[in-house]
Every structure is written in C-alpha cells, then in structure tokens.
$ cat work.pdb   # PDB, C-alpha atoms (C1' of nucleotides)
MODEL        1
ATOM      1  CA  MET N 296     115.817  89.919 106.819
ATOM      2  CA  ALA N 297     115.700  93.567 106.108
ATOM      3  CA  ALA N 298     112.297  93.655 104.453
ATOM      4  CA  PRO N 299     109.387  95.152 106.344
ATOM      5  CA  ASP N 300     106.826  93.124 108.230
ATOM      6  CA  THR N 301     104.020  92.619 105.782
ATOM      7  CA  GLY N 302     101.383  92.717 108.454
ATOM      8  CA  THR N 303     101.963  96.248 109.633
ATOM      9  CA  VAL N 304     103.363  98.255 106.774
ATOM     10  CA  TYR N 305     102.009  99.919 103.704
ATOM     11  CA  ARG N 306      98.960 101.374 105.317
ATOM     12  CA  ALA N 307      98.096 104.853 104.240
ATOM     13  CA  ASP N 308      99.853 106.326 107.268
ATOM     14  CA  CYS N 309     103.062 104.341 106.918
ATOM     15  CA  PRO N 310     105.880 106.889 107.104
ATOM     16  CA  SER N 311     107.815 105.216 104.319
ATOM     17  CA  ARG N 312     105.159 105.900 101.740
ATOM     18  CA  PRO N 313     105.484 109.636 101.087
ATOM     19  CA  ILE N 314     109.258 109.330 101.275
ATOM     20  CA  LEU N 315     109.468 106.594  98.676
ATOM     21  CA  ASP N 316     107.250 108.756  96.550
ATOM     22  CA  GLN N 317     109.801 111.523  96.752
ATOM     23  CA  ILE N 318     113.073 109.699  96.270
ATOM     24  CA  ALA N 319     112.417 106.380  94.516
ATOM     25  CA  ASP N 320     112.342 107.661  90.989
ATOM     26  CA  LYS N 321     114.755 107.205  88.155
ATOM     27  CA  TRP N 322     116.223 110.684  87.881
ATOM     28  CA  SER N 323     116.635 111.154  91.616
ATOM     29  CA  MET N 324     118.619 107.954  91.872
ATOM     30  CA  MET N 325     120.805 108.899  88.941
ATOM     31  CA  ALA N 326     121.385 112.411  90.225
ATOM     32  CA  MET N 327     122.391 111.096  93.638
ATOM     33  CA  ALA N 328     124.903 108.727  92.067
ATOM     34  CA  VAL N 329     126.367 111.449  89.894
ATOM     35  CA  LEU N 330     126.676 113.722  92.916
ATOM     36  CA  ALA N 331     129.182 111.401  94.551
ATOM     37  CA  GLU N 332     131.322 114.488  94.068
ATOM     38  CA  PRO N 333     130.064 118.078  94.003
ATOM     39  CA  ARG N 334     129.048 119.177  90.548
ATOM     40  CA  ARG N 335     127.558 122.132  88.766
ATOM     41  CA  PHE N 336     124.191 122.196  87.111
ATOM     42  CA  ASN N 337     125.231 121.729  83.504
ATOM     43  CA  ASP N 338     127.775 119.134  84.516
ATOM     44  CA  ILE N 339     125.025 117.057  86.089
ATOM     45  CA  LYS N 340     122.808 117.637  83.098
ATOM     46  CA  ARG N 341     125.430 116.377  80.686
ATOM     47  CA  ARG N 342     125.952 113.198  82.704
ATOM     48  CA  LEU N 343     122.254 112.397  82.917
ATOM     49  CA  GLU N 344     121.863 111.912  79.218
ATOM     50  CA  GLY N 345     118.303 112.554  78.128
ATOM     51  CA  VAL N 346     117.100 114.636  81.053
ATOM     52  CA  THR N 347     115.585 117.997  80.220
ATOM     53  CA  GLN N 348     116.492 121.178  82.036
ATOM     54  CA  ARG N 349     113.014 121.509  83.476
ATOM     55  CA  VAL N 350     112.910 117.990  84.906
ATOM     56  CA  LEU N 351     116.447 118.174  86.273
ATOM     57  CA  THR N 352     115.653 121.422  88.046
ATOM     58  CA  GLN N 353     112.558 119.897  89.603
ATOM     59  CA  THR N 354     114.500 116.807  90.645
ATOM     60  CA  LEU N 355     117.262 118.829  92.287
ATOM     61  CA  ARG N 356     114.757 121.073  94.060
ATOM     62  CA  ARG N 357     112.975 118.112  95.534
ATOM     63  CA  LEU N 358     116.211 116.494  96.630
ATOM     64  CA  GLU N 359     117.221 119.765  98.240
ATOM     65  CA  ARG N 360     113.898 120.113 100.008
ATOM     66  CA  ASN N 361     114.250 116.607 101.404
ATOM     67  CA  GLY N 362     117.710 117.361 102.724
ATOM     68  CA  MET N 363     119.614 115.091 100.353
ATOM     69  CA  ILE N 364     121.656 117.781  98.643
ATOM     70  CA  VAL N 365     122.698 121.383  99.171
ATOM     71  CA  ARG N 366     122.699 124.120  96.573
ATOM     72  CA  ARG N 367     125.504 126.659  96.712
ATOM     73  CA  VAL N 368     125.739 129.740  94.525
ATOM     74  CA  LEU N 369     129.319 130.395  93.500
ATOM     75  CA  PRO N 370     130.547 134.020  93.444
ATOM     76  CA  THR N 371     131.671 133.788  89.833
ATOM     77  CA  SER N 372     130.672 135.591  86.698
ATOM     78  CA  PRO N 373     128.493 134.438  85.203
ATOM     79  CA  VAL N 374     127.000 132.811  88.258
ATOM     80  CA  GLY N 375     127.629 129.145  88.879
ATOM     81  CA  VAL N 376     125.694 126.814  91.109
ATOM     82  CA  GLU N 377     127.218 123.808  92.784
ATOM     83  CA  TYR N 378     125.284 120.889  94.164
ATOM     84  CA  SER N 379     126.660 118.418  96.678
ATOM     85  CA  LEU N 380     125.419 115.660  98.945
ATOM     86  CA  THR N 381     124.568 116.222 102.570
ATOM     87  CA  PRO N 382     125.465 113.546 105.130
ATOM     88  CA  LEU N 383     121.865 112.411 104.854
ATOM     89  CA  GLY N 384     122.139 112.147 101.085
ATOM     90  CA  GLU N 385     125.450 110.376 101.450
ATOM     91  CA  SER N 386     123.833 107.765 103.649
ATOM     92  CA  LEU N 387     121.258 107.092 100.974
ATOM     93  CA  ARG N 388     123.848 106.176  98.388
ATOM     94  CA  GLU N 389     124.463 102.803  99.982
ATOM     95  CA  PRO N 390     120.895 101.425  99.627
ATOM     96  CA  PHE N 391     120.670 103.052  96.216
ATOM     97  CA  GLY N 392     123.903 101.401  95.204
ATOM     98  CA  ARG N 393     122.555  98.019  96.240
ATOM     99  CA  LEU N 394     119.566  98.535  94.025
ATOM    100  CA  TYR N 395     121.723  99.670  91.153
ATOM    101  CA  ASP N 396     123.997  96.644  91.482
ATOM    102  CA  TRP N 397     120.966  94.419  91.455
ATOM    103  CA  THR N 398     119.643  95.868  88.210
ATOM    104  CA  VAL N 399     122.998  95.458  86.511
ATOM    105  CA  ALA N 400     123.310  91.871  87.689
ATOM    106  CA  HIS N 401     119.839  90.891  86.492
ATOM    107  CA  THR N 402     119.443  92.849  83.284
ATOM    108  CA  GLY N 403     119.676  89.765  81.084
ATOM    109  CA  GLU N 404     117.192  87.750  83.099
ATOM    110  CA  ILE N 405     114.680  90.572  82.986
ATOM    111  CA  HIS N 406     114.928  91.112  79.267
ATOM    112  CA  GLU N 407     114.415  87.417  78.643
ATOM    113  CA  SER N 408     111.345  87.441  80.831
ATOM    114  CA  GLN N 409     109.958  90.435  78.963
ATOM    115  CA  GLN N 410     110.419  88.739  75.622
ATOM    116  CA  ARG N 411     108.770  85.544  76.812
ATOM    117  CA  TYR N 412     105.849  87.549  78.157
ATOM    118  CA  ASP N 413     105.371  89.589  74.996
ATOM    119  CA  LYS N 414     105.647  86.518  72.812
ATOM    120  CA  ARG N 415     103.069  84.660  74.861
ATOM    121  CA  LEU N 416     100.757  87.657  74.698
ATOM    122  CA  ARG N 417     100.993  87.925  70.942
ATOM    123  CA  ALA N 418     100.278  84.215  70.639
ATOM    124  CA  GLU N 419      97.101  84.548  72.676
ATOM    125  CA  GLU N 420      95.846  87.476  70.655
ATOM    126  CA  SER N 421      96.018  85.579  67.397
TER     127      SER N 421
ATOM    128  CA  MET J  88     131.358 101.029  97.872
ATOM    129  CA  ALA J  89     128.398  99.611  96.059
ATOM    130  CA  ALA J  90     127.454 102.753  94.179
ATOM    131  CA  PRO J  91     128.109 102.921  90.458
ATOM    132  CA  ASP J  92     131.064 104.581  88.866
ATOM    133  CA  THR J  93     129.869 108.058  88.043
ATOM    134  CA  GLY J  94     132.044 108.336  84.993
ATOM    135  CA  THR J  95     130.519 105.542  83.009
ATOM    136  CA  VAL J  96     126.933 105.121  84.058
ATOM    137  CA  TYR J  97     123.687 106.891  83.421
ATOM    138  CA  ARG J  98     124.181 107.277  79.775
ATOM    139  CA  ALA J  99     121.115 106.707  77.653
ATOM    140  CA  ASP J 100     122.186 103.154  76.945
ATOM    141  CA  CYS J 101     122.953 102.220  80.543
ATOM    142  CA  PRO J 102     121.087  98.944  81.135
ATOM    143  CA  SER J 103     119.981 100.007  84.606
ATOM    144  CA  ARG J 104     117.873 102.849  83.295
ATOM    145  CA  PRO J 105     114.848 101.086  81.773
ATOM    146  CA  ILE J 106     114.843  98.633  84.645
ATOM    147  CA  LEU J 107     114.759 101.292  87.305
ATOM    148  CA  ASP J 108     111.943 102.861  85.354
ATOM    149  CA  GLN J 109     110.004  99.642  85.658
ATOM    150  CA  ILE J 110     110.556  98.638  89.250
ATOM    151  CA  ALA J 111     111.557 101.677  91.272
ATOM    152  CA  ASP J 112     108.095 102.988  91.956
ATOM    153  CA  LYS J 113     106.087 103.118  95.121
ATOM    154  CA  TRP J 114     103.413 100.530  94.392
ATOM    155  CA  SER J 115     105.831  98.004  92.937
ATOM    156  CA  MET J 116     107.963  98.153  96.046
ATOM    157  CA  MET J 117     104.959  97.795  98.315
ATOM    158  CA  ALA J 118     103.530  94.936  96.293
ATOM    159  CA  MET J 119     106.820  93.081  96.383
ATOM    160  CA  ALA J 120     107.000  93.442 100.139
ATOM    161  CA  VAL J 121     103.440  92.256 100.600
ATOM    162  CA  LEU J 122     104.135  89.258  98.375
ATOM    163  CA  ALA J 123     106.638  87.844 100.829
ATOM    164  CA  GLU J 124     104.034  85.114 100.889
ATOM    165  CA  PRO J 125     101.706  84.194  98.020
ATOM    166  CA  ARG J 126      98.514  86.212  98.069
ATOM    167  CA  ARG J 127      95.372  86.664  96.065
ATOM    168  CA  PHE J 128      94.413  89.797  94.237
ATOM    169  CA  ASN J 129      91.970  91.271  96.700
ATOM    170  CA  ASP J 130      94.219  90.327  99.596
ATOM    171  CA  ILE J 131      97.030  92.375  98.073
ATOM    172  CA  LYS J 132      94.633  95.184  97.339
ATOM    173  CA  ARG J 133      93.467  95.363 100.948
ATOM    174  CA  ARG J 134      97.028  95.520 102.226
ATOM    175  CA  LEU J 135      98.067  98.304  99.866
ATOM    176  CA  GLU J 136      95.704 100.807 101.336
ATOM    177  CA  GLY J 137      94.760 103.460  98.822
ATOM    178  CA  VAL J 138      95.634 101.662  95.620
ATOM    179  CA  THR J 139      92.907 101.409  93.010
ATOM    180  CA  GLN J 140      92.063  98.232  91.187
ATOM    181  CA  ARG J 141      93.245  99.630  87.884
ATOM    182  CA  VAL J 142      96.629 100.706  89.146
ATOM    183  CA  LEU J 143      97.200  97.507  91.096
ATOM    184  CA  THR J 144      96.420  95.421  88.028
ATOM    185  CA  GLN J 145      98.870  97.439  85.956
ATOM    186  CA  THR J 146     101.523  97.121  88.647
ATOM    187  CA  LEU J 147     101.144  93.358  88.909
ATOM    188  CA  ARG J 148     101.183  92.959  85.146
ATOM    189  CA  ARG J 149     104.418  94.850  84.857
ATOM    190  CA  LEU J 150     106.018  92.896  87.676
ATOM    191  CA  GLU J 151     104.923  89.694  85.972
ATOM    192  CA  ARG J 152     106.297  90.810  82.642
ATOM    193  CA  ASN J 153     109.626  91.575  84.256
ATOM    194  CA  GLY J 154     109.793  88.147  85.844
ATOM    195  CA  MET J 155     109.376  89.312  89.451
ATOM    196  CA  ILE J 156     106.128  87.494  90.166
ATOM    197  CA  VAL J 157     104.016  84.699  88.737
ATOM    198  CA  ARG J 158     100.271  84.720  88.284
ATOM    199  CA  ARG J 159      98.421  81.473  88.892
ATOM    200  CA  VAL J 160      94.714  80.975  88.255
ATOM    201  CA  LEU J 161      93.194  78.779  90.940
ATOM    202  CA  PRO J 162      90.624  76.180  89.839
ATOM    203  CA  THR J 163      87.991  77.471  92.259
ATOM    204  CA  SER J 164      84.559  78.918  91.771
ATOM    205  CA  PRO J 165      84.427  81.792  91.405
ATOM    206  CA  VAL J 166      87.926  81.961  90.007
ATOM    207  CA  GLY J 167      90.784  83.010  92.244
ATOM    208  CA  VAL J 168      94.168  84.313  91.205
ATOM    209  CA  GLU J 169      97.256  83.897  93.303
ATOM    210  CA  TYR J 170     100.423  85.925  92.928
ATOM    211  CA  SER J 171     103.788  84.859  94.284
ATOM    212  CA  LEU J 172     107.420  85.867  93.969
ATOM    213  CA  THR J 173     109.797  84.174  91.563
ATOM    214  CA  PRO J 174     113.389  83.540  92.666
ATOM    215  CA  LEU J 175     114.280  86.695  90.745
ATOM    216  CA  GLY J 176     111.646  88.657  92.622
ATOM    217  CA  GLU J 177     112.786  87.153  95.881
ATOM    218  CA  SER J 178     116.312  88.368  95.228
ATOM    219  CA  LEU J 179     115.022  91.893  94.791
ATOM    220  CA  ARG J 180     113.484  92.028  98.227
ATOM    221  CA  GLU J 181     116.857  92.446  99.888
ATOM    222  CA  PRO J 182     117.847  95.719  98.163
ATOM    223  CA  PHE J 183     114.261  96.919  98.485
ATOM    224  CA  GLY J 184     114.332  96.105 102.163
ATOM    225  CA  ARG J 185     117.482  98.163 102.593
ATOM    226  CA  LEU J 186     115.782 101.115 100.994
ATOM    227  CA  TYR J 187     112.712 100.656 103.133
ATOM    228  CA  ASP J 188     114.771 100.485 106.307
ATOM    229  CA  TRP J 189     116.536 103.650 105.293
ATOM    230  CA  THR J 190     113.297 105.575 104.840
ATOM    231  CA  VAL J 191     112.027 104.459 108.226
ATOM    232  CA  ALA J 192     115.271 105.417 109.917
ATOM    233  CA  HIS J 193     115.381 108.902 108.383
ATOM    234  CA  THR J 194     111.740 109.934 108.317
ATOM    235  CA  GLY J 195     112.187 112.519 111.033
ATOM    236  CA  GLU J 196     115.248 114.106 109.495
ATOM    237  CA  ILE J 197     113.505 114.432 106.149
ATOM    238  CA  HIS J 198     110.397 116.047 107.557
ATOM    239  CA  GLU J 199     112.463 118.579 109.429
ATOM    240  CA  SER J 200     114.349 119.437 106.271
ATOM    241  CA  GLN J 201     111.096 119.888 104.374
ATOM    242  CA  GLN J 202     109.747 122.253 106.969
ATOM    243  CA  ARG J 203     112.935 124.310 107.023
ATOM    244  CA  TYR J 204     112.856 124.513 103.237
ATOM    245  CA  ASP J 205     109.206 125.546 103.055
ATOM    246  CA  LYS J 206     109.653 128.100 105.791
ATOM    247  CA  ARG J 207     112.657 129.641 104.077
ATOM    248  CA  LEU J 208     110.734 129.764 100.832
ATOM    249  CA  ARG J 209     107.783 131.562 102.376
ATOM    250  CA  ALA J 210     110.127 134.059 103.997
ATOM    251  CA  GLU J 211     111.702 134.933 100.653
ATOM    252  CA  GLU J 212     108.370 135.437  98.956
ATOM    253  CA  SER J 213     107.232 138.082 101.399
TER     254      SER J 213
ATOM    255  C1'  DC X  22      86.501  87.092  92.352
ATOM    256  C1'  DG X  23      89.424  89.323  89.284
ATOM    257  C1'  DG X  24      89.574  91.687  86.103
ATOM    258  C1'  DA X  25      88.640  94.756  81.219
ATOM    259  C1'  DA X  26      86.646  98.926  79.127
ATOM    260  C1'  DT X  27      85.400 103.527  79.119
ATOM    261  C1'  DC X  28      85.230 108.276  80.437
ATOM    262  C1'  DC X  29      87.557 112.184  81.935
ATOM    263  C1'  DG X  30      90.038 115.459  85.026
ATOM    264  C1'  DA X  31      94.729 116.066  86.818
ATOM    265  C1'  DT X  32      99.495 115.699  86.420
ATOM    266  C1'  DT X  33     103.661 115.157  83.811
ATOM    267  C1'  DG X  34     106.994 116.327  80.658
ATOM    268  C1'  DG X  35     108.932 118.032  76.192
ATOM    269  C1'  DA X  36     109.939 122.142  73.412
ATOM    270  C1'  DT X  37     110.701 126.771  73.227
ATOM    271  C1'  DA X  38     111.542 131.443  74.531
ATOM    272  C1'  DC X  39     113.125 134.671  77.804
ATOM    273  C1'  DT X  40     116.139 136.512  81.980
ATOM    274  C1'  DG X  41     119.577 138.090  85.849
TER     275       DG X  41
ATOM    276  C1'  DC O 179     125.319 129.701  83.499
ATOM    277  C1'  DA O 180     121.348 128.425  85.620
ATOM    278  C1'  DG O 181     117.484 128.893  85.702
ATOM    279  C1'  DT O 182     111.927 130.680  85.046
ATOM    280  C1'  DA O 183     107.638 130.945  82.255
ATOM    281  C1'  DT O 184     104.484 129.380  79.008
ATOM    282  C1'  DC O 185     102.274 126.356  75.882
ATOM    283  C1'  DC O 186     100.726 122.051  74.734
ATOM    284  C1'  DA O 187     100.592 116.874  74.048
ATOM    285  C1'  DA O 188     100.689 112.683  76.324
ATOM    286  C1'  DT O 189     100.233 109.976  80.104
ATOM    287  C1'  DC O 190      98.311 108.802  84.562
ATOM    288  C1'  DG O 191      95.011 107.687  87.495
ATOM    289  C1'  DG O 192      90.321 107.833  89.835
ATOM    290  C1'  DA O 193      85.484 106.489  89.310
ATOM    291  C1'  DT O 194      82.277 103.764  87.272
ATOM    292  C1'  DT O 195      80.274 100.053  84.656
ATOM    293  C1'  DC O 196      80.255  95.581  82.707
ATOM    294  C1'  DC O 197      81.831  90.625  82.243
ATOM    295  C1'  DG O 198      83.246  85.370  82.555
TER     296       DG O 198
ENDMDL
END
$ encode --input "work.pdb" --output "structure tokens"
Amino acid sequence: MAAPDTGTVYRADCPSRPILDQIADKWSMMAMAVLAEPRRFNDIKRRLEGVTQRVLTQTLRRLERNGMIVRRVLPTSPVGVEYSLTPLGESLREPFGRLYDWTVAHTGEIHESQQRYDKRLRAEES
Amino acid sequence: MAAPDTGTVYRADCPSRPILDQIADKWSMMAMAVLAEPRRFNDIKRRLEGVTQRVLTQTLRRLERNGMIVRRVLPTSPVGVEYSLTPLGESLREPFGRLYDWTVAHTGEIHESQQRYDKRLRAEES
DNA sequence: CGGAATCCGATTGGATACTG
DNA sequence: CAGTATCCAATCGGATTCCG
C-alpha cells in the first residue's frame, strides 16, 4: 500500500515533514482546487468564501514559493494579477482530489462520531 | 479526474471544509501513519519525534472524536492506553499515503523552487 | 504510564486603513 | 485591482508541575 513504512518515517529529518507543513492546510488545498484554471486574485477570493485578503495573499505567496503556482502581472489598467498552476502544482491536484473525495464520502460518518463523542463526554461530566 | 468541481465547492457550507480543518494537519497525518498497527501512547510519542505530550494528546483526542481511532485502556498496572485505527481511519490511510508519496517524490523540486524564490526576493530588496 | 492543569511567550488571523 | 501595513485579540504550543 501507498502509506509510508512506519518504522523509518516521521523522524525530525524526514523530508515529508516540512513539506506537509507547507501544503497540507485548508486554504492551500482549496486554492489549488480553484486554480484548476488560471484565475485572478479577487476571483479566487470570491470562490474561497470566508478567506480574508491577508490570509489569501499569504497562502498564494507560500504556494508560489513552493513552486505550485505562478504569479503573472497583467499589463492592464488597473493592474491585474493572474495565478495559475505549474506542472508541479498540477501533479498535486490528484492526491488532493483523493483526499477531497474521501471527506465528501465520509462526512456523515464523521459527524455521527462527533455527536456520539460529545454526548458521551457530557454524560461523564454530569 | 478526482478533483472537485471548482464551480460548486469551497463555499462556506461545503461539507469538506470543517473536515479538512480537523484532519489535514501534520501531526494527524503522522499519527495515522504510525497507527498502522495499534500502539500505546508513549510508543506513538517516541515515533513522532518532536511532538510534545500536550499536542499529541490533543491530536489523538480529535482523531478519536472524529471516529478515526479508538482509545482502549488496558487493565495493567500502571495503566496503559492503546490506540488503534477504526475502519474509517483505515480508509483514510490510502489518500494520506498518496499525499505522503507525492511529498517524497517532489521534495527536491520544491526545495529548488524555494531557493530560487528566496534568491529572487533578496535581489529585489537590494 | 498517561495524562490534566497551569503559566506564558510566540504565532495566527481578523479588521481596518492606506497605496501604486 | 491587488495588494501592504498596522493594530490587536485569540489561539497555539512549549515547559513545567502534579495526579490516579
């Protein structure tokens, strides 16, 4: 199976660790999905309902630094900026998509588990 | 392809959002991988080099609440606690494994991109 | 052994105002 | 339009101590 060998990974020097830190967060995953086609800043912002300008900027900067997306300034007036996926970023959409599909498929199960857990906790506290 | 439709997802009420918030973090992913076989608290802690007791406890609690793992108190002295994956948690290892494999495969590319980015940034500041 | 509780510095993130 | 800058509140997380 695809999962890592549990004997050798997840030490402090495991190369996957800093990378997961950089890309495995909510907004990065959403931004990558939305960037299936090139989009401009405010377009992305509108689609990621709830994200603030500050956080979106930081997210896009980090994705750019890690080679997932490219930032292109358009020669318009006023200036426009278009973001698009690199081949590297494109290749990440597949594993991300798997994860997304999984969450959608198991949403109900998870919510039920949460409610059972919270109920049990409240019962113990009484 | 497996990725979500960019026209309809990532709204505030998209069911994937709170779930990704809960599971798509570094320590959760590492803990899930390490729990390929049932393990006790301090065993997990040793394998996740760098994690503190506090953070590991919080991580395991959240995974338990979301139905990914079960916590079993062993009738030993002193008490032992064993964590193991539920079927739901087991099913998550596959998409997680894909993501892990991806990070390992592209570590080099990402580091190069980071260095190019940082270098370019320093050049502009001067 | 496997936590819970507390303290506290560091980081995050929202709101707001300003800019080329 | 696409940011940057600043302020500030909340959260996170490390270290330490105590407990059944």
$ closest_residue --input "work.pdb" --among "J:Leu186, J:Met155, J:Ile131, J:Val142" --to "chain O" --atoms "all atoms listed in the file"
J:Val142
$ residues_around --input "work.pdb" --residues "stretch 357-360 of chain N" --least-positions-apart "2" --cutoff "12 Å" --atoms "all atoms listed in the file" --output "VMD selection string"
(chain N and resid 314 316 to 320 322 to 327 330 350 to 355 362 to 367 378 to 381 383 to 384 387) or (chain J and resid 196 to 208)
$ resolve_selection --input "work.pdb" --expression "the PyMOL selection byres ((chain O and resi 193) around 12)" --output "number ranges by chain"
J: 139-141; X: 27-30; O: 191-192, 194-195
$ resolve_selection --input "work.pdb" --expression "the PyMOL selection byres ((chain O and resi 184) around 12)" --output "list in words"
DA36, DT37, DA38 and DC39 of chain X; DT182, DA183, DC185 and DC186 of chain O
$ write_last_selection --input "work.pdb" --atoms "C-alpha atoms (C1' of nucleotides)" --output "PDB file, keeping the file's coordinate frame"
ATOM      1  C1'  DA X  36     109.939 122.142  73.412  1.00  0.00           C
ATOM      2  C1'  DT X  37     110.701 126.771  73.227  1.00  0.00           C
ATOM      3  C1'  DA X  38     111.542 131.443  74.531  1.00  0.00           C
ATOM      4  C1'  DC X  39     113.125 134.671  77.804  1.00  0.00           C
TER       5       DC X  39
ATOM      6  C1'  DT O 182     111.927 130.680  85.046  1.00  0.00           C
ATOM      7  C1'  DA O 183     107.638 130.945  82.255  1.00  0.00           C
ATOM      8  C1'  DC O 185     102.274 126.356  75.882  1.00  0.00           C
ATOM      9  C1'  DC O 186     100.726 122.051  74.734  1.00  0.00           C
TER      10       DC O 186
END
$ closest_residue --input "work.pdb" --among "J:Val166, J:Cys101, J:Val138, J:Ala210" --to "X:DG24" --atoms "only C-alpha atoms (C1' of nucleotides)"
J:Val166
$ atom_distance --input "work.pdb" --atom1 "atom CA of N:Thr398" --atom2 "atom CA of J:Glu177"
13.5 Å
$ residues_around --input "work.pdb" --residues "O:DG198" --least-positions-apart "6" --cutoff "12 Å" --atoms "only C-alpha atoms (C1' of nucleotides)" --output "list in words"
Ser164, Pro165 and Val166 of chain J; DC22, DG23, DG24 and DA25 of chain X
$ closest_residue --input "work.pdb" --among "J:Arg126, J:Val191, J:Gly137, J:Arg148" --to "chain O" --atoms "all atoms listed in the file"
J:Gly137
$ atom_distance --input "work.pdb" --atom1 "atom C1' of X:DG35" --atom2 "atom C1' of O:DA187"
8.7 Å
$ axis_aligned_box --input "work.pdb" --around "stretch 126-142 of chain J" --padding-each-side "5 Å" --output "lines of an AutoDock Vina configuration file"
center_x = 95.2
center_y = 94.8
center_z = 95.1
size_x = 16.5
size_y = 27.2
size_z = 24.3
$ resolve_selection --input "work.pdb" --expression "the PyMOL selection byres ((chain X and resi 32) around 12)" --output "number ranges by chain"
X: 30-31, 33-34; O: 188-191
$ atom_distance --input "work.pdb" --atom1 "atom CA of N:Arg312" --atom2 "atom CA of J:Leu107"
17.9 Å
$ interface_residues --input "work.pdb" --of "chain O" --to "chain N" --cutoff "10 Å" --atoms "all atoms listed in the file" --output "VMD selection string"
chain O and resid 179 to 182
$ write_last_selection --input "work.pdb" --atoms "C-alpha atoms (C1' of nucleotides)" --output "mmCIF file, keeping the file's coordinate frame"
data_model
loop_
_atom_site.group_PDB
_atom_site.id
_atom_site.type_symbol
_atom_site.label_atom_id
_atom_site.label_comp_id
_atom_site.auth_asym_id
_atom_site.auth_seq_id
_atom_site.Cartn_x
_atom_site.Cartn_y
_atom_site.Cartn_z
ATOM 1 C "C1'" DC O 179 125.319 129.701 83.499
ATOM 2 C "C1'" DA O 180 121.348 128.425 85.620
ATOM 3 C "C1'" DG O 181 117.484 128.893 85.702
ATOM 4 C "C1'" DT O 182 111.927 130.680 85.046
#
$ closest_residue --input "work.pdb" --among "N:Asp338, N:Pro333, N:Gly392, N:Glu419" --to "chain J" --atoms "all atoms listed in the file"
N:Gly392
$ closest_residue --input "work.pdb" --among "J:Val121, J:Arg209, J:Pro105, J:Pro174" --to "chain N" --atoms "all atoms listed in the file"
J:Val121
$ closest_residue --input "work.pdb" --among "J:Glu124, J:Pro162, J:Pro182, J:Lys132" --to "chain N" --atoms "all atoms listed in the file"
J:Pro182
$ build_atoms --input "work.pdb" --residues "stretch 373-386 of chain N" --atoms "N, CA and C atoms" --output "mmCIF file, keeping the file's coordinate frame"
data_model
loop_
_atom_site.group_PDB
_atom_site.id
_atom_site.type_symbol
_atom_site.label_atom_id
_atom_site.label_comp_id
_atom_site.auth_asym_id
_atom_site.auth_seq_id
_atom_site.Cartn_x
_atom_site.Cartn_y
_atom_site.Cartn_z
ATOM 1 N N PRO N 373 129.872 134.455 84.708
ATOM 2 C CA PRO N 373 128.493 134.438 85.203
ATOM 3 C C PRO N 373 128.323 133.450 86.345
ATOM 4 N N VAL N 374 127.220 133.591 87.038
ATOM 5 C CA VAL N 374 127.000 132.811 88.258
ATOM 6 C C VAL N 374 127.063 131.314 87.982
ATOM 7 N N GLY N 375 127.622 130.596 88.947
ATOM 8 C CA GLY N 375 127.629 129.145 88.879
ATOM 9 C C GLY N 375 126.924 128.618 90.103
ATOM 10 N N VAL N 376 126.368 127.430 89.975
ATOM 11 C CA VAL N 376 125.694 126.814 91.109
ATOM 12 C C VAL N 376 126.231 125.401 91.293
ATOM 13 N N GLU N 377 126.659 125.130 92.507
ATOM 14 C CA GLU N 377 127.218 123.808 92.784
ATOM 15 C C GLU N 377 126.312 123.020 93.712
ATOM 16 N N TYR N 378 126.083 121.782 93.340
ATOM 17 C CA TYR N 378 125.284 120.889 94.164
ATOM 18 C C TYR N 378 126.185 119.829 94.790
ATOM 19 N N SER N 379 125.891 119.483 96.039
ATOM 20 C CA SER N 379 126.660 118.418 96.678
ATOM 21 C C SER N 379 125.777 117.674 97.677
ATOM 22 N N LEU N 380 126.196 116.473 98.019
ATOM 23 C CA LEU N 380 125.419 115.660 98.945
ATOM 24 C C LEU N 380 125.575 116.125 100.373
ATOM 25 N N THR N 381 124.501 116.044 101.130
ATOM 26 C CA THR N 381 124.568 116.222 102.570
ATOM 27 C C THR N 381 124.948 114.876 103.192
ATOM 28 N N PRO N 382 125.242 114.845 104.480
ATOM 29 C CA PRO N 382 125.465 113.546 105.130
ATOM 30 C C PRO N 382 124.247 112.624 104.967
ATOM 31 N N LEU N 383 123.075 113.212 105.055
ATOM 32 C CA LEU N 383 121.865 112.411 104.854
ATOM 33 C C LEU N 383 121.828 111.810 103.451
ATOM 34 N N GLY N 384 122.119 112.629 102.463
ATOM 35 C CA GLY N 384 122.139 112.147 101.085
ATOM 36 C C GLY N 384 123.224 111.099 100.889
ATOM 37 N N GLU N 385 124.347 111.334 101.529
ATOM 38 C CA GLU N 385 125.450 110.376 101.450
ATOM 39 C C GLU N 385 125.020 109.006 101.973
ATOM 40 N N SER N 386 124.259 109.029 103.038
ATOM 41 C CA SER N 386 123.833 107.765 103.649
ATOM 42 C C SER N 386 122.834 107.019 102.773
#
